[in-house]
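What's in upload26.cif: mmCIF, C-alpha atoms and all ligand atoms
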```cif
data_coords
#
loop_
_atom_site.label_atom_id
_atom_site.label_comp_id
_atom_site.auth_asym_id
_atom_site.auth_seq_id
_atom_site.Cartn_x
_atom_site.Cartn_y
_atom_site.Cartn_z
CA MET A 26 18.56 -20.71 9.38
CA LEU A 27 22.32 -21.05 9.98
CA ILE A 28 23.77 -19.75 13.25
CA ILE A 29 27.50 -19.15 13.07
CA MET A 30 29.37 -19.31 16.39
CA HIS A 31 32.48 -17.33 17.29
CA PRO A 32 35.71 -19.43 17.01
CA GLU A 33 36.14 -18.94 20.75
CA ALA A 34 32.55 -19.71 21.71
CA SER A 35 32.32 -21.91 24.78
CA GLN A 36 30.45 -25.22 24.93
CA GLN A 37 28.01 -23.53 27.30
CA GLN A 38 27.25 -20.84 24.69
CA ILE A 39 26.71 -23.52 22.02
CA ASP A 40 24.38 -25.44 24.35
CA ASN A 41 22.46 -22.24 25.06
CA VAL A 42 21.89 -21.65 21.32
CA ILE A 43 20.65 -25.24 20.95
CA ASN A 44 18.23 -24.69 23.85
CA VAL A 45 16.85 -21.53 22.29
CA ILE A 46 16.44 -23.30 18.91
CA GLU A 47 14.49 -26.09 20.57
CA ARG A 48 12.32 -23.64 22.54
CA GLN A 49 11.29 -22.15 19.16
CA ASN A 50 10.09 -25.62 18.08
CA LEU A 51 12.96 -25.97 15.61
CA SER A 52 15.54 -28.72 15.57
CA ALA A 53 19.26 -28.05 15.94
CA HIS A 54 21.89 -29.63 13.66
CA ILE A 55 25.49 -29.07 14.65
CA ILE A 56 28.25 -28.71 12.08
CA GLN A 57 31.57 -28.89 13.90
CA GLY A 58 34.28 -27.19 11.81
CA VAL A 59 38.01 -27.09 12.55
CA GLU A 60 37.81 -23.40 13.57
CA GLN A 61 34.22 -22.79 14.46
CA THR A 62 30.82 -24.35 14.98
CA VAL A 63 27.79 -23.69 12.79
CA ILE A 64 24.34 -24.67 14.01
CA GLY A 65 21.46 -25.25 11.59
CA ALA A 66 17.96 -24.42 12.89
CA VAL A 67 15.52 -26.51 10.89
CA GLY A 68 11.69 -26.28 10.80
CA ASP A 69 9.18 -23.47 10.33
CA SER A 70 11.94 -20.90 10.73
CA HIS A 71 10.04 -18.12 8.88
CA LEU A 72 8.02 -17.81 12.11
CA VAL A 73 11.17 -16.92 14.05
CA GLY A 74 13.14 -13.67 13.74
CA LYS A 75 16.92 -13.74 13.18
CA GLU A 76 17.25 -11.36 16.14
CA VAL A 77 16.32 -14.20 18.52
CA PHE A 78 19.72 -15.74 17.79
CA GLU A 79 21.77 -12.66 16.90
CA VAL A 80 21.66 -11.43 20.49
CA LEU A 81 22.90 -14.67 22.05
CA PRO A 82 26.44 -14.73 23.50
CA GLY A 83 28.98 -16.41 21.23
CA VAL A 84 26.97 -15.90 18.02
CA VAL A 85 28.74 -13.98 15.22
CA GLY A 86 26.10 -14.18 12.50
CA VAL A 87 22.78 -15.63 11.42
CA THR A 88 21.92 -16.42 7.80
CA ARG A 89 18.49 -17.34 6.50
CA ILE A 90 18.31 -20.08 3.91
CA SER A 91 14.57 -19.98 3.27
CA GLN A 92 12.57 -16.77 2.69
CA PRO A 93 11.10 -14.91 5.70
CA TYR A 94 7.82 -14.72 3.76
CA LYS A 95 6.22 -18.08 3.33
CA LEU A 96 2.72 -17.71 1.92
CA ALA A 97 3.90 -15.32 -0.81
CA SER A 98 6.88 -17.42 -1.84
CA ARG A 99 7.18 -19.70 -4.83
CA GLN A 100 8.83 -22.29 -2.58
CA PHE A 101 5.48 -22.63 -0.81
CA HIS A 102 3.30 -22.34 -3.95
CA PRO A 103 5.29 -23.08 -7.14
CA SER A 104 2.62 -22.35 -9.77
CA ASN A 105 1.33 -18.84 -10.57
CA SER A 106 -1.72 -17.67 -8.65
CA VAL A 107 -4.47 -16.71 -11.08
CA PHE A 108 -7.39 -14.68 -9.72
CA PRO A 109 -10.62 -14.35 -11.62
CA LEU A 110 -12.05 -10.84 -11.46
CA ASP A 111 -15.23 -9.63 -13.15
CA GLY A 112 -14.90 -10.72 -16.79
CA PHE A 113 -11.17 -11.49 -16.79
CA SER A 114 -8.43 -12.98 -14.71
CA VAL A 115 -5.06 -11.76 -13.53
CA GLY A 116 -1.87 -13.78 -13.18
CA GLY A 117 -2.46 -16.17 -16.11
CA GLN A 118 -1.76 -15.82 -19.84
CA GLU A 119 -3.79 -12.65 -20.18
CA ILE A 120 -2.50 -9.13 -19.53
CA ALA A 121 -4.91 -7.13 -17.33
CA LEU A 122 -5.38 -3.44 -18.14
CA ILE A 123 -6.65 -1.26 -15.31
CA ALA A 124 -7.20 2.38 -16.27
CA GLY A 125 -8.98 5.51 -15.14
CA PRO A 126 -8.38 8.85 -13.52
CA CYS A 127 -6.08 9.44 -10.57
CA SER A 128 -9.07 10.92 -8.72
CA VAL A 129 -12.79 10.74 -9.28
CA GLU A 130 -13.60 14.44 -9.73
CA SER A 131 -17.16 14.58 -11.03
CA ARG A 132 -19.85 12.33 -12.47
CA SER A 133 -19.27 13.50 -16.05
CA GLN A 134 -15.47 13.27 -15.80
CA LEU A 135 -15.67 9.69 -14.53
CA LEU A 136 -18.38 8.39 -16.84
CA GLU A 137 -16.80 9.95 -19.92
CA THR A 138 -13.37 8.56 -19.06
CA ALA A 139 -14.77 5.14 -18.15
CA GLN A 140 -16.62 4.75 -21.43
CA ALA A 141 -13.63 5.85 -23.46
CA ILE A 142 -11.20 3.47 -21.77
CA ARG A 143 -13.65 0.61 -22.05
CA GLU A 144 -13.89 1.17 -25.79
CA ALA A 145 -10.10 1.27 -25.98
CA GLY A 146 -9.81 -2.12 -24.23
CA ALA A 147 -9.52 -1.53 -20.47
CA ASN A 148 -10.63 -4.40 -18.22
CA ALA A 149 -11.06 -2.56 -14.91
CA LEU A 150 -11.67 1.02 -13.84
CA ARG A 151 -9.46 2.81 -11.32
CA GLY A 152 -10.34 6.06 -9.57
CA GLY A 153 -9.33 7.40 -6.16
CA VAL A 154 -11.92 8.85 -3.82
CA PHE A 155 -9.66 9.15 -0.75
CA LYS A 156 -6.43 10.69 -1.99
CA PRO A 157 -3.08 10.57 -0.16
CA ARG A 158 -1.95 14.08 -1.17
CA THR A 159 1.35 15.62 -0.07
CA SER A 160 -0.41 18.90 0.72
CA PRO A 161 -3.45 19.03 3.01
CA TYR A 162 -4.65 22.14 1.13
CA VAL A 163 -5.26 20.49 -2.26
CA PHE A 164 -8.10 18.26 -3.51
CA GLN A 165 -8.46 15.29 -1.14
CA GLY A 166 -11.03 13.23 -3.09
CA LEU A 167 -14.83 13.09 -3.18
CA GLY A 168 -15.24 10.33 -0.59
CA GLU A 169 -18.56 8.47 -0.74
CA GLU A 170 -19.92 10.70 -3.50
CA GLY A 171 -17.06 9.44 -5.68
CA LEU A 172 -17.92 5.84 -4.80
CA GLU A 173 -21.47 6.43 -6.07
CA TYR A 174 -20.06 7.58 -9.41
CA LEU A 175 -17.75 4.56 -9.55
CA ALA A 176 -20.74 2.26 -8.95
CA GLU A 177 -22.61 4.01 -11.76
CA ALA A 178 -19.61 3.63 -14.08
CA ARG A 179 -19.49 -0.09 -13.30
CA GLU A 180 -23.20 -0.39 -14.20
CA LEU A 181 -22.59 1.45 -17.44
CA THR A 182 -19.44 -0.31 -18.60
CA GLY A 183 -19.41 -3.66 -16.77
CA MET A 184 -15.87 -3.00 -15.53
CA PRO A 185 -14.90 -3.88 -11.94
CA ILE A 186 -13.73 -0.99 -9.76
CA VAL A 187 -10.28 -0.51 -8.20
CA ALA A 188 -9.95 2.24 -5.56
CA GLU A 189 -7.54 3.10 -2.78
CA VAL A 190 -8.37 2.59 0.87
CA MET A 191 -6.26 4.82 3.10
CA SER A 192 -7.28 3.77 6.58
CA VAL A 193 -8.87 1.00 8.62
CA ALA A 194 -11.85 3.31 9.25
CA GLN A 195 -12.60 3.43 5.50
CA VAL A 196 -12.60 -0.35 4.92
CA GLU A 197 -16.28 -0.92 5.73
CA LEU A 198 -17.46 1.78 3.34
CA MET A 199 -15.07 0.83 0.55
CA ILE A 200 -16.03 -2.84 0.44
CA LYS A 201 -19.66 -1.85 -0.18
CA TYR A 202 -18.68 -0.25 -3.48
CA VAL A 203 -15.39 -1.51 -4.87
CA ASP A 204 -14.22 -4.81 -6.36
CA VAL A 205 -10.49 -4.45 -5.68
CA LEU A 206 -9.00 -2.58 -2.71
CA GLN A 207 -5.87 -0.63 -3.58
CA ILE A 208 -3.26 -0.07 -0.88
CA GLY A 209 -1.14 2.88 -1.88
CA ALA A 210 2.62 3.28 -1.75
CA ARG A 211 2.38 5.46 1.37
CA ASN A 212 0.47 2.77 3.21
CA MET A 213 2.46 -0.30 2.20
CA GLN A 214 3.78 -0.58 5.74
CA ASN A 215 0.61 0.46 7.54
CA TYR A 216 0.42 -2.83 9.34
CA SER A 217 -2.97 -2.29 10.96
CA LEU A 218 -4.44 -1.52 7.53
CA LEU A 219 -2.75 -4.59 6.03
CA ARG A 220 -4.20 -6.77 8.80
CA ALA A 221 -7.68 -5.26 8.37
CA ILE A 222 -7.54 -5.98 4.62
CA GLY A 223 -6.27 -9.48 5.41
CA ASP A 224 -9.49 -10.02 7.37
CA THR A 225 -11.63 -9.20 4.31
CA ARG A 226 -11.99 -11.51 1.35
CA MET A 227 -11.61 -8.72 -1.20
CA PRO A 228 -8.99 -8.81 -3.98
CA VAL A 229 -6.16 -6.40 -3.19
CA LEU A 230 -3.81 -4.31 -5.31
CA LEU A 231 -0.77 -3.75 -3.09
CA LYS A 232 1.59 -1.03 -4.26
CA ARG A 233 5.28 -1.01 -3.43
CA GLY A 234 6.33 1.77 -1.08
CA MET A 235 8.54 4.39 -2.69
CA ALA A 236 11.45 3.46 -0.40
CA ALA A 237 10.59 -0.19 0.15
CA THR A 238 12.73 -3.13 -0.87
CA ILE A 239 11.26 -6.07 -2.75
CA GLU A 240 11.52 -8.15 0.40
CA GLU A 241 9.59 -5.51 2.37
CA LEU A 242 6.86 -5.55 -0.29
CA LEU A 243 6.63 -9.32 -0.01
CA MET A 244 6.53 -9.12 3.79
CA ALA A 245 3.69 -6.58 3.49
CA SER A 246 1.78 -9.03 1.27
CA GLU A 247 2.40 -11.70 3.92
CA TYR A 248 0.35 -9.65 6.41
CA ILE A 249 -2.65 -9.87 4.07
CA LEU A 250 -2.12 -13.50 3.08
CA SER A 251 -1.68 -14.64 6.67
CA GLY A 252 -5.11 -13.20 7.48
CA GLY A 253 -6.53 -15.73 5.02
CA ASN A 254 -7.03 -13.31 2.11
CA SER A 255 -5.19 -14.92 -0.78
CA ARG A 256 -6.02 -12.58 -3.65
CA VAL A 257 -3.14 -10.11 -3.60
CA ILE A 258 -1.80 -8.44 -6.77
CA LEU A 259 1.58 -6.72 -6.36
CA CYS A 260 2.27 -3.42 -8.10
CA GLU A 261 5.61 -1.80 -8.87
CA ARG A 262 5.05 1.96 -9.06
CA GLY A 263 8.55 3.38 -9.13
CA ILE A 264 10.98 4.03 -6.32
CA ARG A 265 12.83 7.12 -5.10
CA THR A 266 16.39 7.31 -6.35
CA PHE A 267 18.91 10.12 -6.89
CA GLU A 268 17.42 10.66 -10.37
CA THR A 269 15.28 13.81 -10.72
CA ALA A 270 14.49 13.70 -14.46
CA THR A 271 11.38 11.66 -13.72
CA ARG A 272 8.99 11.64 -10.76
CA ASN A 273 10.21 8.18 -9.69
CA THR A 274 12.48 5.51 -11.16
CA THR A 275 10.71 2.50 -12.65
CA ASP A 276 12.32 -0.55 -11.15
CA ILE A 277 11.88 -2.83 -14.15
CA ASN A 278 14.12 -5.36 -12.41
CA ALA A 279 11.43 -5.77 -9.77
CA ILE A 280 9.15 -7.46 -12.30
CA PRO A 281 11.25 -10.53 -13.15
CA VAL A 282 12.66 -10.59 -9.60
CA LEU A 283 9.17 -10.65 -8.06
CA LYS A 284 7.97 -13.20 -10.61
CA SER A 285 10.82 -15.49 -9.56
CA LEU A 286 10.26 -15.04 -5.82
CA THR A 287 6.47 -15.13 -5.64
CA HIS A 288 3.46 -16.80 -7.23
CA LEU A 289 1.39 -13.63 -6.86
CA PRO A 290 0.49 -11.59 -9.98
CA VAL A 291 2.74 -8.57 -10.60
CA ILE A 292 1.69 -5.45 -12.47
CA LEU A 293 3.31 -2.07 -13.23
CA ASP A 294 2.02 1.47 -12.78
CA PRO A 295 4.03 3.43 -15.35
CA SER A 296 2.02 6.61 -14.63
CA HIS A 297 3.42 7.04 -11.12
CA SER A 298 6.75 5.42 -11.94
CA THR A 299 7.53 8.02 -14.64
CA GLY A 300 5.27 10.95 -13.71
CA GLN A 301 5.10 12.18 -17.31
CA SER A 302 2.50 11.09 -19.85
CA GLU A 303 5.00 10.88 -22.74
CA PHE A 304 6.99 8.15 -20.97
CA VAL A 305 4.04 6.02 -19.90
CA THR A 306 3.65 3.96 -23.10
CA PRO A 307 7.34 3.11 -23.65
CA VAL A 308 7.73 2.01 -20.02
CA ALA A 309 4.43 0.09 -20.15
CA LYS A 310 5.78 -1.86 -23.12
CA ALA A 311 9.02 -2.59 -21.25
CA ALA A 312 7.01 -3.99 -18.32
CA ILE A 313 5.08 -6.40 -20.50
CA ALA A 314 8.30 -7.50 -22.21
CA ALA A 315 9.78 -8.08 -18.72
CA GLY A 316 6.92 -10.37 -17.72
CA ALA A 317 4.37 -8.13 -15.97
CA ASP A 318 0.84 -9.55 -15.66
CA GLY A 319 -0.84 -6.21 -16.23
CA LEU A 320 -0.73 -2.43 -16.06
CA ILE A 321 -2.52 0.27 -14.12
CA ILE A 322 -2.65 3.50 -16.10
CA GLU A 323 -3.96 6.96 -15.25
CA VAL A 324 -6.30 8.32 -17.93
CA HIS A 325 -8.26 11.58 -17.78
CA ASN A 326 -10.80 12.89 -20.28
CA ASP A 327 -9.02 16.27 -20.08
CA PRO A 328 -5.62 15.95 -18.35
CA SER A 329 -5.00 19.71 -18.45
CA LYS A 330 -7.94 20.16 -16.04
CA ALA A 331 -7.17 17.23 -13.73
CA LEU A 332 -7.29 17.90 -9.98
CA SER A 333 -4.46 15.42 -9.37
CA ASP A 334 -1.69 13.85 -11.48
CA GLY A 335 -2.69 15.54 -14.76
CA ARG A 336 0.94 15.66 -15.89
CA GLN A 337 1.17 11.89 -15.98
CA SER A 338 -2.35 11.16 -17.21
CA LEU A 339 -2.98 9.92 -20.73
CA THR A 340 -5.87 11.19 -22.82
CA PRO A 341 -8.35 8.51 -23.92
CA GLU A 342 -6.69 8.61 -27.37
CA GLY A 343 -3.27 8.20 -25.78
CA PHE A 344 -4.59 5.19 -23.86
CA ALA A 345 -6.05 3.65 -27.04
CA SER A 346 -2.64 3.99 -28.65
CA LEU A 347 -0.95 2.41 -25.59
CA VAL A 348 -3.32 -0.57 -25.82
CA LYS A 349 -2.44 -1.15 -29.49
CA GLN A 350 1.29 -1.02 -28.79
CA VAL A 351 1.12 -3.16 -25.65
CA LYS A 352 -0.89 -5.76 -27.57
CA LYS A 353 2.01 -6.26 -30.00
CA VAL A 354 4.55 -6.61 -27.20
CA ALA A 355 2.25 -9.06 -25.38
CA GLU A 356 2.04 -11.21 -28.50
CA ALA A 357 5.81 -11.08 -28.92
CA VAL A 358 6.23 -12.60 -25.44
CA GLU A 359 3.43 -15.11 -25.94
CA ARG A 360 0.86 -13.33 -23.81
CA ARG A 361 -2.39 -11.72 -24.93
CA LEU A 362 -4.76 -8.94 -23.93
CA VAL A 363 -8.15 -9.90 -22.52
CA SER A 364 -10.71 -9.89 -25.32
CA VAL A 365 -13.23 -7.17 -24.43
CA HIS A 366 -16.83 -7.48 -25.57
CA ASN A 367 -18.51 -4.09 -25.53
C1 LIG A 401 -2.61 6.52 -7.10
O1 LIG A 401 -2.72 5.38 -7.59
O2 LIG A 401 -3.22 7.53 -7.50
C2 LIG A 401 -1.57 6.71 -6.04
C3 LIG A 401 -1.70 7.65 -5.12
O3 LIG A 401 -0.55 5.84 -6.18
P1 LIG A 401 0.75 5.57 -5.25
O4 LIG A 401 0.20 5.06 -3.96
O5 LIG A 401 1.50 4.54 -6.04
O6 LIG A 401 1.49 6.88 -5.13
MN MN A 402 -2.26 9.34 -8.98
#
```

Encoding of this model in structure tokens:
Amino acid sequence: MLIIMHPEASQQQIDNVINVIERQNLSAHIIQGVEQTVIGAVGDSHLVGKEVFEVLPGVVGVTRISQPYKLASRQFHPSNSVFPLDGFSVGGQEIALIAGPCSVESRSQLLETAQAIREAGANALRGGVFKPRTSPYVFQGLGEEGLEYLAEARELTGMPIVAEVMSVAQVELMIKYVDVLQIGARNMQNYSLLRAIGDTRMPVLLKRGMAATIEELLMASEYILSGGNSRVILCERGIRTFETATRNTTDINAIPVLKSLTHLPVILDPSHSTGQSEFVTPVAKAAIAAGADGLIIEVHNDPSKALSDGRQSLTPEGFASLVKQVKKVAEAVERRLVSVHN
């Protein structure tokens, strides 16, 4: 961290900054310019907030040189993190395809959809049972009944289960049934939930908040990683912009930017990032071309009857077509889909 002193800062103010640096277990390096003094604070500075120095008399600015997230950063861990899941891995050469309905609605809806996506080449099954809905009057998810259906679908298809956990109180129940805990966009900065998930040893799919910066997403992942849970997959799911033609705006930039900043796997959710089924496949292809490690796609056996997110859900046939197209893009960028043995 670099602490820039005011040109008129007194020696006493400079000495005070040095004292504070040393109290934080960092070492102070003084650069005496003609006009002003700059003090470098060297050590584990990600553990110390900039505010500690910004408030000191005589300080005009503080600039970080290293990232405020450490465990998530490539500086700390240069090679890609690759996590084995049931039957495939994420973060390596292979592209992971997670698919399934927005919500688990019934046994037949889930099992039919699960079988169809498996045949089309999905590697993991998604399905929400606790739904973060804007309106409290609409379908909120089946809760534990939905988890029973997900467990049955796993038995039937062999696919691991990805489902959203909305609160600390749900963690205990969810880990009995699911293989990957999803943290939704609306909970990306629910710090008590992040800490509770950091205490588990379950793989996590952490979605970017709809108004969160890339740095805030990485800081959210740091909460989980610093609890000792290292298996975090990051997911871009579109951000809120001035554009109203689509539900959200896919931040394609986030994919190569995240891949450069972090060793964690990065996937895209083109269903939520576009909000319309006809745009899901083109944007999915763009994500793979941009370096994404996988996709999470909403698929419903009958989107016109879906209880949530039908407008953005693909039919099983639409998903099969997406898989074929994504496969070609993956090969063009020297990646490959996971080979699925039915
Ligand atoms: C979902 O995956 O169905 C969901 C609610 O996603 P997000 O948190 O990205 O809105
Ligand atoms: Mn959804």

Requested in this report: Within 8 Å of range 281-297 of chain A, counting only C-alpha atoms, which residues show up once you throw out same-chain ones fewer than 6 positions away? Write them as number ranges by chain, please.
Outcome: A: 97-99, 102-107, 115-116, 239, 257-263, 272-273, 275, 304-306, 308-309, 312, 315-323, 337-338

Query raised in the report: What is the CA of Asp334 in chain A to CA of Ser246 in chain A distance in Å?
Result: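 According to the coordinates, CA of Asp334 in chain A and CA of Ser246 in chain A are separated by 26.4 Å.
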
Which chain A residues have any atom within 8 Å of an atom of ligand LIG 401 (chain A), and for each, what is the nearest pair of atoms with distance in Å to one decimal, counting all atoms listed in the file, rows sorted by chain and number, as CSV?
```
residue,atom,partner,partner_atom,distance
A:Cys127,CA,A:LIG401,O2,4.6
A:Ser128,CA,A:LIG401,O2,6.9
A:Gly152,CA,A:LIG401,O2,7.6
A:Gly153,CA,A:LIG401,O2,6.3
A:Lys156,CA,A:LIG401,C3,6.4
A:Pro157,CA,A:LIG401,C3,5.9
A:Arg158,CA,A:LIG401,C3,7.6
A:Glu189,CA,A:LIG401,O1,7.2
A:Gln207,CA,A:LIG401,O1,7.9
A:Ile208,CA,A:LIG401,O4,6.9
A:Gly209,CA,A:LIG401,O4,3.3
A:Ala210,CA,A:LIG401,O4,3.7
A:Arg211,CA,A:LIG401,O4,5.8
A:Asn212,CA,A:LIG401,O4,7.5
A:Lys232,CA,A:LIG401,O5,5.8
A:Arg233,CA,A:LIG401,O5,7.2
A:Gly234,CA,A:LIG401,O5,7.5
A:Met235,CA,A:LIG401,O5,7.8
A:Arg262,CA,A:LIG401,O5,5.3
A:Gly263,CA,A:LIG401,O5,7.8
A:Asp294,CA,A:LIG401,O5,7.4
A:His297,CA,A:LIG401,O5,6.0
A:Ser298,CA,A:LIG401,O5,7.9
A:Glu323,CA,A:LIG401,O2,7.8
A:Asp334,CA,A:LIG401,O2,7.6
```

Requested in this report: Could you tell me how far CA of Leu181 in chain A lies from CA of Leu135 in chain A, in Å and to one decimal?
Outcome: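 Between CA of Leu181 in chain A and CA of Leu135 in chain A the gap works out to 11.1 Å.
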
Query raised in the report: In file coordinates, which residues lie within 10 Å of (-8.8, -6.3, 6.3) using all atoms listed in the file, given as an MDAnalysis selection string?
Result: chainID A and resid 193 196:197 200 206 217:227 229 248:249 252:254

Report task. Could you give me, as a VMD selection string, the residues within 10 Å of Val365 in chain A, counting all atoms listed in the file and dropping anything in the same chain fewer than 4 positions from it? Result -> chain A and resid 112 to 113 143 to 148

Query raised in the report: CA of Lys353 in chain A to CA of Gly117 in chain A: how many Å, to one decimal?
Result: 17.6 Å

Query raised in the report: For ligand MN 402 (chain A), which residue out of A:Pro126, A:Gly58, A:Gly343, A:Pro185 is the nearest one, using only C-alpha atoms and all ligand atoms?
Result: A:Pro126
